[in-house]
Amino acid sequence: MAKTQTIFEGVATALITPMTEDGVNYEQYGRLIDWQIEQGIDALVIAGTTGEGSTLSDEEHKECIRFAVEKVAGRVPVIAGTGSNDTEYGKQLTRFACEAGADACLVVTPYYNKATQGGLVKLFKEYAEVSSVPIIAYNVPSRTGVNIEPATYAKLAEIDGIAAIKEANGDISKIVSTFALVGDKLDLYSGNDDQIVPLLAMGSKGVISVLSNVVPAETREICSRFWAGDVEGAATLQCKYNELVASLFCEVNPIPVKEAMAVLGYCDPILRSPMYRMEEANLARLKAAMKEVGVI
């Protein structure tokens, strides 16, 4: 099967969703979208994990996608988070995203209602059948309790419309096995900011990033240096931002990144329950890491 056209190369920011106590702050959202694009980001992921998609209301989720597509206005690809533990609802979101003008859909494996490996193949086929845009299969077993195995990716690669993988299983050996099986059929994006360079070395197309909320241009520079042949420079940047990455995940994402963006003035530090403000010691660590790399 011919490889589906690449959705983006480089860095897609898994964008936070700025909020008020009563809903989404679209003024802040629009400012954030413009800033990300001005900083040279390659794509934006809307209402994914980092965007608190699982606690947005149906109306909010759809409006975030619609708003982002309109605000971006074709400047970069918009990737809509449409996965759910309720497949019918996920398919409904996927249809909406397609109609709203999203360029791709990011579909996470079902959480809580866990699927078997065979069930995952059937699940992604269902999504592909209702989508008019490419699907990125999102694997994040630390959150969902389900891991997409390399052999399963080989079956997903045969489904029309499944274009890419966001891989956040953290297991480099399994990721290498996945590249060996489907590297010529599916694009692969790192889902972990601490593995950008290692996966670029295997042939990934880039990263879907939390880090790039805070330092978009610098995250993009990691990829740029690697592709320019400056592997050492890319690795140096990977190491430079290692503590910032660690501090952005010292509590459940997106708690720390929301705090970081509030420090930078791009949003208020408002999260949806069951996520709450950072513990003071962790917030101090985050601010120290931001200061260390010159963000503040």
# chains A, B, ... in the order shown; residues from 1 in each chain; ligands from 1
>>> select_by_dssp(residues="stretch 83-188 of chain A", states="strand (DSSP E)", output="ChimeraX atom specification")
/A:104-108,135-139,162-167,187-188
>>> residues_around(residues="stretch 244-249 of chain A", least_positions_apart="5", cutoff="12 Å", atoms="only C-alpha atoms", output="ChimeraX atom specification")
/A:50,192-196,209-215,219,237-239,254-261,278,281-295
>>> select_by_dssp(residues="stretch 113-215 of chain A", states="alpha helix (DSSP H)", output="PyMOL selection string")
chain A and resi 117-130+141-144+150-156+172-182+196-202+211-214
>>> atom_distance(atom1="atom CA of A:Ser54", atom2="atom CA of A:Ala73")
25.3 Å
>>> atom_distance(atom1="atom CA of A:Phe67", atom2="atom CA of A:Arg95")
16.1 Å
